[in-house]
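J.: Structure file structure-v7.txt (compact mmCIF, C-alpha atoms) is given on the next line.
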```
# COMPACT_ATOMS: atom_id res chain seq x y z
CA MET A 120 28.94 2.85 34.54
CA ARG A 121 27.63 2.64 30.99
CA ASN A 122 24.17 1.10 30.56
CA ARG A 123 24.46 -2.20 28.71
CA GLU A 124 21.64 -4.07 27.10
CA PHE A 125 22.16 -7.81 27.18
CA LEU A 126 20.44 -10.09 24.73
CA GLY A 127 17.53 -12.30 25.74
CA GLN A 128 17.78 -16.07 25.42
CA HIS A 129 15.80 -16.29 22.19
CA GLU A 130 17.52 -13.27 20.69
CA LEU A 131 20.89 -14.81 21.42
CA MET A 132 19.88 -18.16 19.91
CA VAL A 133 18.61 -16.51 16.72
CA MET A 134 21.72 -14.32 16.40
CA LEU A 135 24.04 -17.30 16.90
CA ALA A 136 22.12 -19.27 14.28
CA VAL A 137 22.48 -16.34 11.85
CA LEU A 138 26.19 -16.21 12.64
CA ARG A 139 26.61 -19.96 12.03
CA LEU A 140 24.72 -19.94 8.73
CA GLY A 141 26.58 -16.98 7.23
CA ARG A 142 25.27 -16.14 3.76
CA GLU A 143 22.56 -18.80 3.86
CA ALA A 144 20.74 -17.27 6.84
CA TYR A 145 17.04 -16.98 6.03
CA GLY A 146 13.96 -18.08 7.94
CA VAL A 147 13.91 -21.82 7.20
CA PRO A 148 17.57 -22.70 7.98
CA ILE A 149 17.62 -20.38 11.00
CA ALA A 150 14.66 -22.22 12.59
CA ALA A 151 16.17 -25.59 11.53
CA GLU A 152 19.58 -24.72 13.01
CA ILE A 153 18.01 -23.79 16.34
CA ALA A 154 15.90 -26.96 16.36
CA GLN A 155 18.89 -29.16 15.48
CA ARG A 156 21.34 -27.63 17.96
CA THR A 157 19.02 -27.02 20.92
CA GLY A 158 16.15 -29.44 20.35
CA ARG A 159 13.69 -26.55 20.50
CA GLU A 160 11.10 -26.11 17.78
CA MET A 161 10.39 -22.42 17.23
CA LEU A 162 7.46 -21.07 15.25
CA GLN A 163 8.58 -19.48 12.01
CA GLY A 164 6.59 -16.38 12.99
CA SER A 165 8.42 -16.23 16.28
CA VAL A 166 11.81 -16.32 14.51
CA TYR A 167 10.71 -13.44 12.27
CA ALA A 168 9.32 -11.45 15.21
CA ILE A 169 12.69 -11.74 16.97
CA LEU A 170 14.60 -10.85 13.80
CA GLU A 171 12.39 -7.78 13.22
CA ARG A 172 13.04 -6.68 16.79
CA LEU A 173 16.80 -7.18 16.36
CA GLU A 174 16.70 -5.27 13.09
CA SER A 175 14.93 -2.34 14.74
CA LYS A 176 17.71 -2.33 17.39
CA GLY A 177 20.31 -2.29 14.63
CA PHE A 178 21.78 -5.71 15.49
CA VAL A 179 20.92 -7.41 12.19
CA THR A 180 20.33 -6.29 8.61
CA SER A 181 18.28 -7.98 5.95
CA LYS A 182 17.98 -8.04 2.20
CA LEU A 183 15.56 -9.74 -0.16
CA GLY A 184 16.87 -12.61 -2.27
CA GLU A 185 15.57 -14.65 -5.14
CA ALA A 186 11.97 -15.80 -5.55
CA THR A 187 11.59 -19.47 -6.49
CA PRO A 188 8.56 -21.49 -7.69
CA GLN A 189 9.11 -23.82 -4.73
CA ARG A 190 8.25 -20.87 -2.47
CA GLY A 191 5.14 -19.87 -4.41
CA GLY A 192 7.09 -17.10 -6.16
CA ARG A 193 8.00 -15.40 -2.92
CA ALA A 194 11.43 -13.99 -2.19
CA LYS A 195 13.73 -15.13 0.60
CA ARG A 196 14.82 -12.60 3.21
CA TYR A 197 18.47 -13.06 4.15
CA PHE A 198 19.76 -11.83 7.49
CA ALA A 199 23.25 -10.87 8.64
CA LEU A 200 24.70 -9.54 11.87
CA THR A 201 25.87 -5.94 12.00
CA ALA A 202 29.08 -4.92 13.78
CA GLU A 203 26.93 -3.67 16.65
CA GLY A 204 25.13 -7.03 16.75
CA SER A 205 28.39 -8.99 16.81
CA ARG A 206 29.64 -6.81 19.66
CA HIS A 207 26.49 -7.49 21.66
CA VAL A 208 26.79 -11.25 21.10
CA ARG A 209 30.38 -11.17 22.38
CA GLU A 210 29.42 -9.04 25.39
CA THR A 211 26.59 -11.40 26.28
CA GLN A 212 28.92 -14.39 25.92
CA ARG A 213 31.49 -12.76 28.22
CA ALA A 214 28.83 -11.91 30.79
CA LEU A 215 27.44 -15.45 30.78
CA GLU A 216 30.92 -17.00 31.01
CA ALA A 217 31.74 -14.75 33.95
CA LEU A 218 28.58 -15.89 35.71
CA TRP A 219 29.32 -19.56 34.98
CA GLN A 220 32.84 -19.43 36.31
CA GLY A 221 33.14 -21.65 39.37
CA LEU A 222 29.64 -23.06 38.89
CA ALA A 223 30.40 -25.51 36.13
CA LYS A 224 31.58 -28.28 38.44
CA THR A 225 28.89 -27.91 41.06
CA ALA A 226 25.86 -27.02 38.91
CA GLY A 227 24.72 -30.62 38.42
CA ALA A 228 25.98 -31.99 41.73
CA LYS A 229 23.54 -33.25 44.36
CA SER A 230 23.79 -31.61 47.77
CA MET B 10 6.37 -33.05 -10.32
CA ASN B 11 3.85 -33.66 -7.58
CA SER B 12 3.37 -30.30 -5.85
CA ARG B 13 0.79 -29.62 -3.15
CA THR B 14 -1.11 -26.41 -2.56
CA ALA B 15 -0.64 -24.75 0.81
CA PRO B 16 -3.89 -23.93 2.68
CA ARG B 17 -5.12 -20.79 0.96
CA ALA B 18 -7.21 -19.57 3.89
CA ALA B 19 -4.17 -19.63 6.18
CA THR B 20 -2.07 -17.75 3.61
CA TRP B 21 -4.91 -15.27 3.14
CA LEU B 22 -5.02 -14.71 6.91
CA LEU B 23 -1.28 -14.00 7.03
CA GLU B 24 -1.47 -11.62 4.07
CA ARG B 25 -4.29 -9.64 5.67
CA VAL B 26 -2.70 -9.40 9.09
CA GLY B 27 0.85 -8.59 8.12
CA GLY B 28 0.43 -7.01 4.72
CA ARG B 29 1.82 -8.68 1.61
CA SER B 30 5.19 -6.95 1.56
CA ARG B 31 5.92 -7.59 5.25
CA PHE B 32 4.96 -11.26 5.56
CA ASP B 33 5.89 -12.32 2.03
CA PRO B 34 9.26 -13.93 2.94
CA LEU B 35 7.64 -15.65 5.94
CA ILE B 36 4.84 -17.07 3.78
CA GLY B 37 7.50 -18.18 1.28
CA ASP B 38 9.31 -20.02 4.09
CA LEU B 39 6.11 -21.77 5.14
CA VAL B 40 5.26 -22.74 1.55
CA GLU B 41 8.80 -24.09 1.08
CA GLN B 42 8.54 -26.28 4.18
CA PHE B 43 5.02 -27.38 3.25
CA GLU B 44 6.33 -28.48 -0.16
CA GLU B 45 9.00 -30.47 1.63
CA GLY B 46 6.35 -32.56 3.38
CA HIS B 47 4.94 -30.70 6.39
CA SER B 48 1.23 -31.26 7.02
CA ARG B 49 -1.67 -28.85 6.53
CA LEU B 50 -2.17 -28.83 10.30
CA TRP B 51 1.45 -27.73 10.71
CA TYR B 52 0.87 -24.90 8.23
CA TRP B 53 -2.25 -23.74 10.07
CA ARG B 54 -0.46 -23.92 13.43
CA GLN B 55 2.34 -21.75 12.05
CA ALA B 56 -0.13 -19.22 10.55
CA VAL B 57 -2.30 -18.89 13.64
CA GLY B 58 0.76 -18.74 15.92
CA THR B 59 2.30 -16.01 13.78
CA VAL B 60 -0.90 -13.94 13.89
CA ALA B 61 -1.09 -14.32 17.68
CA ILE B 62 2.57 -13.34 18.12
CA ASP B 63 2.18 -10.33 15.84
CA LEU B 64 -0.92 -9.11 17.67
CA ALA B 65 0.67 -9.64 21.08
CA GLN B 66 3.79 -7.76 20.00
CA THR B 67 1.74 -4.85 18.68
CA LEU B 68 -0.31 -4.74 21.87
CA ARG B 69 2.78 -4.86 24.08
CA SER B 70 4.55 -2.06 22.28
CA HIS B 71 1.50 0.23 22.00
CA ALA B 72 -0.51 -0.76 25.06
CA PHE B 73 -1.38 2.77 26.19
CA SER B 74 -2.78 4.01 22.89
CA PHE B 75 -4.69 0.74 22.40
CA ILE B 76 -6.33 1.14 25.80
CA ALA B 77 -7.11 4.78 25.01
CA ALA B 78 -8.64 3.83 21.66
CA VAL B 79 -10.81 1.06 23.13
CA ALA B 80 -11.88 3.28 26.06
CA ALA B 81 -12.87 6.09 23.68
CA GLY B 82 -14.77 3.59 21.55
CA PHE B 83 -16.62 2.21 24.57
CA ALA B 84 -17.54 5.72 25.75
CA LEU B 85 -18.99 6.51 22.33
CA ILE B 86 -20.83 3.15 22.14
CA TRP B 87 -22.30 3.81 25.59
CA LEU B 88 -23.53 7.25 24.46
CA LEU B 89 -24.88 5.69 21.30
CA ASP B 90 -26.79 2.97 23.22
CA ALA B 91 -28.21 5.52 25.67
CA GLY B 92 -29.28 7.89 22.88
CA TYR B 93 -30.76 5.05 20.86
CA SER B 94 -32.91 3.70 23.68
CA TYR B 95 -34.01 7.25 24.58
CA ALA B 96 -35.05 7.94 20.98
CA LEU B 97 -36.83 4.60 20.53
CA ARG B 98 -38.76 4.59 23.79
CA PRO B 99 -41.62 6.88 22.62
CA LEU B 100 -41.93 4.85 19.43
CA ARG B 101 -42.07 1.53 21.26
CA GLU B 102 -44.59 2.74 23.84
CA ASN B 103 -47.30 3.04 21.19
CA LEU B 104 -46.41 -0.04 19.16
CA THR B 105 -49.24 -2.15 20.54
CA ILE B 106 -51.81 0.44 19.46
CA VAL B 107 -50.24 0.84 16.03
CA SER B 108 -50.02 -2.92 15.38
CA GLN B 109 -53.84 -3.10 15.21
CA HIS B 110 -53.90 -0.65 12.27
CA PRO B 111 -50.58 -1.12 10.44
CA TRP B 112 -51.31 0.91 7.33
CA THR B 113 -52.31 4.21 8.93
CA ALA B 114 -50.16 7.31 8.41
CA GLN B 115 -49.20 7.18 12.07
CA ALA B 116 -47.90 3.63 11.76
CA VAL B 117 -45.91 4.39 8.61
CA LEU B 118 -44.36 7.41 10.31
CA ARG B 119 -43.35 5.29 13.28
CA VAL B 120 -41.74 2.68 11.05
CA ALA B 121 -39.95 5.46 9.18
CA GLY B 122 -38.83 6.87 12.53
CA MET B 123 -37.44 3.50 13.60
CA VAL B 124 -35.62 3.04 10.32
CA MET B 125 -34.14 6.53 10.68
CA CYS B 126 -33.01 5.63 14.19
CA GLY B 127 -31.36 2.53 12.77
CA LEU B 128 -29.61 4.51 10.08
CA LEU B 129 -28.49 7.10 12.61
CA THR B 130 -27.01 4.30 14.70
CA ASP B 131 -25.07 3.07 11.68
CA VAL B 132 -23.75 6.60 11.08
CA LEU B 133 -22.73 6.90 14.72
CA ILE B 134 -20.96 3.53 14.53
CA PHE B 135 -19.00 4.91 11.58
CA VAL B 136 -18.08 7.97 13.63
CA THR B 137 -17.06 5.80 16.60
CA VAL B 138 -14.87 3.61 14.45
CA TRP B 139 -13.34 6.64 12.77
CA VAL B 140 -12.43 8.11 16.16
CA VAL B 141 -11.00 4.77 17.38
CA THR B 142 -8.85 4.27 14.30
CA ARG B 143 -7.64 7.88 14.40
CA ILE B 144 -6.23 7.44 17.90
CA HIS B 145 -3.68 4.88 16.77
CA ARG B 146 -2.99 5.39 13.09
CA SER B 147 0.03 3.15 12.59
CA HIS B 148 -1.86 -0.05 13.53
CA ARG B 149 -5.40 0.79 12.53
CA ARG B 150 -6.43 -2.75 11.64
CA ALA B 151 -5.16 -4.18 14.92
CA VAL B 152 -6.95 -1.42 16.88
CA LEU B 153 -10.14 -2.08 14.97
CA SER B 154 -9.98 -5.85 15.59
CA ILE B 155 -9.32 -5.34 19.29
CA PHE B 156 -12.21 -2.89 19.58
CA ALA B 157 -14.65 -5.23 17.77
CA ALA B 158 -13.50 -8.10 19.98
CA ALA B 159 -13.87 -5.96 23.13
CA VAL B 160 -17.42 -4.95 22.15
CA THR B 161 -18.33 -8.62 21.65
CA VAL B 162 -16.55 -9.90 24.74
CA ARG B 163 -18.73 -7.85 27.08
CA TYR B 164 -21.67 -10.13 26.17
CA VAL B 165 -19.78 -13.36 26.80
CA PRO B 166 -20.50 -13.55 30.58
CA GLY B 167 -24.25 -13.19 29.93
CA LEU B 168 -24.14 -15.86 27.27
CA ALA B 169 -22.12 -18.20 29.49
CA ARG B 170 -24.59 -17.70 32.37
CA LEU B 171 -27.45 -18.49 30.02
CA LEU B 172 -25.82 -21.69 28.79
CA ILE B 173 -25.01 -22.84 32.34
CA HIS B 174 -28.62 -22.11 33.34
CA ALA B 175 -29.87 -24.08 30.34
CA ALA B 176 -27.64 -27.04 31.16
CA THR B 177 -28.51 -27.24 34.86
CA ASP B 178 -32.21 -26.29 34.96
CA PRO B 179 -34.55 -28.95 33.46
CA ARG B 180 -37.37 -26.41 33.13
CA PHE B 181 -35.18 -24.30 30.88
CA THR B 182 -36.46 -25.68 27.58
CA ALA B 183 -34.70 -25.76 24.23
CA PRO B 184 -37.02 -23.17 22.57
CA LEU B 185 -36.23 -20.77 25.39
CA VAL B 186 -32.49 -21.22 24.79
CA SER B 187 -33.13 -20.69 21.11
CA ARG B 188 -35.06 -17.48 21.84
CA HIS B 189 -32.29 -16.18 24.11
CA LEU B 190 -29.65 -17.00 21.55
CA HIS B 191 -31.73 -15.12 19.05
CA LEU B 192 -31.37 -12.06 21.27
CA MET B 193 -27.63 -12.44 20.91
CA MET B 194 -27.86 -11.81 17.19
CA PRO B 195 -27.60 -8.05 17.64
CA VAL B 196 -24.25 -8.67 19.37
CA ALA B 197 -22.84 -10.31 16.26
CA TRP B 198 -24.52 -7.62 14.23
CA GLN B 199 -22.88 -4.80 16.18
CA ALA B 200 -19.41 -6.37 15.91
CA LEU B 201 -19.86 -6.88 12.19
CA CYS B 202 -21.11 -3.30 11.77
CA ILE B 203 -18.01 -2.05 13.56
CA LEU B 204 -15.73 -4.15 11.38
CA ALA B 205 -17.55 -3.21 8.16
CA ALA B 206 -17.56 0.47 9.05
CA GLY B 207 -13.92 0.40 10.07
CA LEU B 208 -12.81 -1.37 6.95
CA TRP B 209 -14.76 1.06 4.87
CA VAL B 210 -13.05 3.94 6.61
CA LEU B 211 -9.63 2.34 6.04
CA ARG B 212 -10.19 1.22 2.49
CA ARG B 213 -12.23 4.00 0.94
CA PRO B 214 -10.02 4.54 -2.15
CA ARG B 215 -10.50 0.85 -3.04
CA PHE B 216 -14.10 1.45 -4.13
CA THR B 217 -12.81 2.96 -7.34
CA GLY B 218 -10.94 -0.25 -8.19
CA MET B 219 -13.98 -2.57 -8.05
CA GLY B 220 -15.06 -4.57 -11.06
CA ARG B 221 -18.65 -4.26 -12.32
CA LEU B 222 -19.75 -7.69 -11.11
CA THR B 223 -18.20 -7.14 -7.67
CA TYR B 224 -19.88 -3.76 -7.43
CA PHE B 225 -23.23 -5.28 -8.40
CA VAL B 226 -22.96 -8.09 -5.83
CA ALA B 227 -21.89 -5.57 -3.18
CA ILE B 228 -24.96 -3.42 -3.90
CA LEU B 229 -27.14 -6.57 -3.77
CA ALA B 230 -25.66 -7.52 -0.38
CA GLY B 231 -26.16 -3.97 0.92
CA SER B 232 -29.76 -3.98 -0.33
CA LEU B 233 -30.40 -7.29 1.43
CA CYS B 234 -29.21 -5.71 4.68
CA VAL B 235 -31.61 -2.77 4.25
CA LEU B 236 -34.49 -5.09 3.31
CA ALA B 237 -33.86 -7.27 6.34
CA GLY B 238 -33.89 -4.15 8.53
CA LEU B 239 -37.17 -2.98 6.99
CA ALA B 240 -38.72 -6.43 7.39
CA ARG B 241 -37.74 -6.43 11.05
CA ALA B 242 -39.23 -2.95 11.55
CA ALA B 243 -42.46 -4.02 9.80
CA GLY B 244 -42.56 -7.13 11.98
CA LEU B 245 -42.40 -4.92 15.06
CA VAL B 246 -45.58 -3.06 14.13
CA GLY B 247 -47.40 -6.33 13.42
CA GLU B 248 -47.76 -6.21 9.67
CA LEU B 249 -45.41 -9.12 9.10
CA THR B 250 -45.70 -12.06 11.42
CA TYR B 251 -43.11 -14.73 10.98
CA THR B 252 -41.95 -17.70 12.97
CA LEU B 253 -38.71 -17.91 14.90
CA HIS B 254 -37.35 -20.15 12.17
CA GLU B 255 -38.00 -17.52 9.53
CA GLN B 256 -36.45 -14.86 11.73
CA TYR B 257 -33.30 -16.98 11.92
CA ILE B 258 -33.15 -17.27 8.13
CA SER B 259 -33.66 -13.52 7.78
CA ASP B 260 -30.94 -12.73 10.32
CA MET B 261 -28.50 -15.23 8.86
CA LEU B 262 -29.05 -13.72 5.43
CA ASN B 263 -28.45 -10.31 6.90
CA ILE B 264 -25.25 -11.35 8.65
CA ALA B 265 -24.03 -13.23 5.57
CA SER B 266 -24.52 -10.08 3.50
CA VAL B 267 -22.53 -7.98 5.92
CA ALA B 268 -19.86 -10.69 6.16
CA TYR B 269 -19.56 -10.63 2.40
CA LEU B 270 -19.13 -6.85 2.46
CA VAL B 271 -16.47 -7.25 5.13
CA LEU B 272 -14.59 -9.83 3.04
CA LEU B 273 -14.85 -7.63 0.02
CA LEU B 274 -13.36 -4.67 1.79
CA TRP B 275 -10.70 -6.59 3.72
CA ARG B 276 -8.01 -6.49 1.11
CA PRO B 277 -4.32 -6.22 1.85
CA ASN B 278 -2.71 -2.83 1.93
CA PRO B 279 -0.40 -2.11 -0.96
CA GLY B 280 3.05 -2.01 0.64
CA ALA B 281 4.31 1.39 1.63
CA GLU B 282 7.50 0.61 -0.26
CA GLU B 283 5.56 0.02 -3.48
CA GLN B 284 3.73 3.30 -3.00
CA VAL B 285 7.01 5.12 -2.47
CA ASN B 286 8.43 3.52 -5.61
CA GLU B 287 5.32 4.51 -7.56
CA ASN B 288 5.65 8.08 -6.30
CA VAL B 289 9.30 8.15 -7.26
CA GLU B 290 8.48 6.84 -10.72
CA VAL B 291 5.71 9.36 -11.18
CA ALA B 292 7.98 12.15 -9.96
CA SER B 293 10.75 11.09 -12.34
CA VAL B 294 8.34 11.00 -15.28
CA ARG B 295 6.95 14.41 -14.45
CA ASP B 296 10.27 16.09 -13.68
CA PRO B 297 13.13 15.03 -15.97
CA ARG B 298 15.58 17.44 -14.30
CA PRO B 299 18.32 15.82 -12.15
CA SER B 300 17.63 15.88 -8.44
CA VAL B 301 19.79 17.65 -5.87
CA LEU B 302 21.39 14.30 -4.94
CA ASP B 303 22.18 13.54 -8.59
CA ARG B 304 23.79 16.96 -9.05
CA ALA B 305 25.83 16.48 -5.88
```
How does the structure come out when it is put into C-alpha cells?
T.:
Amino acid sequence: MRNREFLGQHELMVMLAVLRLGREAYGVPIAAEIAQRTGREMLQGSVYAILERLESKGFVTSKLGEATPQRGGRAKRYFALTAEGSRHVRETQRALEALWQGLAKTAGAKS
Amino acid sequence: MNSRTAPRAATWLLERVGGRSRFDPLIGDLVEQFEEGHSRLWYWRQAVGTVAIDLAQTLRSHAFSFIAAVAAGFALIWLLDAGYSYALRPLRENLTIVSQHPWTAQAVLRVAGMVMCGLLTDVLIFVTVWVVTRIHRSHRRAVLSIFAAAVTVRYVPGLARLLIHAATDPRFTAPLVSRHLHLMMPVAWQALCILAAGLWVLRRPRFTGMGRLTYFVAILAGSLCVLAGLARAAGLVGELTYTLHEQYISDMLNIASVAYLVLLLWRPNPGAEEQVNENVEVASVRDPRPSVLDRA
C-alpha cells in the first residue's frame, strides 16, 4: 500500500481558506476567513508558519504582490494551491467522509 | 487622514527574528490590520506569538543539532570556569597582603594578572560562541539565543531559592538580599558577553558600514566596559573603596554599555535573495557575454 500523508486540522483549514479566497488569498483574508467560518482566531504568525510548511511540502505556492502605504510600504504575499495540494485536500476530504459514514446520526445522540 | 503608527519595538523584534525579507509580508499584514483599528496590545500579542511559534518550529525541526550546540557550549563554559578559578586562586590568596600596600610593583602585577585573566575569559567566550554557532549554521541566531538563555537559566533555581528564603525568614534582611542579588550581576554579564560575542561573530562585515558617530559611541561604550573592569580589579586590591550603591551604578553602567553594543550589532541580515540579485548584477556588469542559458 502506498504511504499517504494526510493533512493536519490546521493545515486543512488554511488550505481550504486559500481555496475559497482564490486570487485574493494573502495573510489577512486567510486568517479572517478561518475566523469567520470556524469561529477560531488564529495568530497571523501561525497562519504564515503553516503556509511556509505547506510550501516546503509543495502543496502551495506564493508570489509577492503590490506594496501599499496602508501596509507601511510592505508587499502582500499571495498564496495558491498547487495541483499536488488540491489532490491532498481531496484525499483528506474522502478519508474524513469515509470515517464519518454511519456516525453522522449517532455522533450527538445521548446513550 | 488619521493614521496611527504601529508599535516600532514589536516590528523591530519581528524584523530581527525573521529577517526583513522573510517576515515583511507578515509585518505588512499586521500593520494593515492595526490601521483598521486593532489595538497596540493586539499587535504586541501577534508579534510575541509569532516569535514564539518561529522559535518553537526551528527547535522542533533541528532539535538534535540544537542540543549538540548547547551541550558543546556548556562543556566549553565549564572548562572556562574551571580554568578561570584555577588561574585566579593564587592571585586571590595574596590579596589581603597586597591591599595594605596597593601601589607596590607586586600589587600592580597582580591587578594586571587579573585583568589579563578577564580578557582571556572574554576571548574564550568568543571561541565558545564561535564553536556553538558553527555547529548549526543555518539558524545561528536562534542557536545563540538558546545558548545564552540556557547559560542564564542554570542560575534561576539559586535565585528562586534565595528569594523564597528572603520572603520566609525574618532575619534575612533587605541589605543581604541586595548583596546576594549583586552577586547575580555576573550572570547577566556572562549572558550579555555571550550575546555580544556571538553577534560580533555573525555580523563582522557590518563594522565597515558604521557611521563615524556610531563608531565613536561604540568605542566609548567599549571603553566604559574596560574602565568598569579595571575599577572592579582596583577595588579588589583595596585601592578603591566604594559603597554597594556605587557598585550598582558602576555595574549598571557596564551592562548598559554592553547592551548598547549588542543593540548596535543586532541588525537584520540582508536577505539572501537580495545578495543573490546583487551577485547576479555584479556578474552581468563584469561579464557582458551571454550566459549558457541565454545561448540555449
J.: Residues of chain A within 8 Å of chain B, counting all atoms listed in the file - could you list those as an MDAnalysis selection string?
T.: chainID A and resid 146:147 162:165 167:168 189:196
J.: Interatomic distance between CA of Arg49 (chain B) and CA of Ala18 (chain B)?
T.: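 Rounded to one decimal, the two atoms are 11.1 Å apart.
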J.: Would you mind reading off the distance between CA of Thr142 (chain B) and CA of Arg69 (chain B), one decimal, in Å?
T.: 17.7 Å
J.: Give as an MDAnalysis selection string the set of residues within 12 Å of the point (25.6, -11.6, 24.5), where distances use the file's coordinates and only C-alpha atoms.
T.: chainID A and resid 123:135 178 203:217
J.: Suppose you want the space between CA of His148 (chain B) and CA of Arg31 (chain B); what is it in Å?
T.: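 Distance between the two atoms: 13.6 Å.
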J.: Edge lengths and centre in Å to one decimal, as JSON, is what I'm after for the box along x, y and z that holds all listed atoms of region 158-170 of chain A once 4 Å is added on each side.
T.:
```
{"center_x": 11.4, "center_y": -20.1, "center_z": 16.3, "size_x": 17.6, "size_y": 26.6, "size_z": 16.5}
```
J.: Using all atoms listed in the file, can you list as JSON, numbers by chain the residues within 10 Å of (-8.9, 2.6, 16.6)?
T.: {"B": [74, 75, 76, 77, 78, 79, 80, 81, 82, 137, 138, 139, 140, 141, 142, 143, 144, 145, 146, 147, 148, 149, 150, 151, 152, 153, 154, 155, 156, 157, 207]}
J.: Which is closest to Leu183 (chain A) among A:Ala144, A:Val166, A:Val137, A:Leu218, if we use all atoms listed in the file?
T.: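 Among the listed residues, A:Ala144 lies closest to Leu183 (chain A).
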J.: Which is closer to Leu85 (chain B) than all the others in B:Ala205, B:Ala72, B:Val26, B:Val136, using all atoms listed in the file?
T.: B:Val136
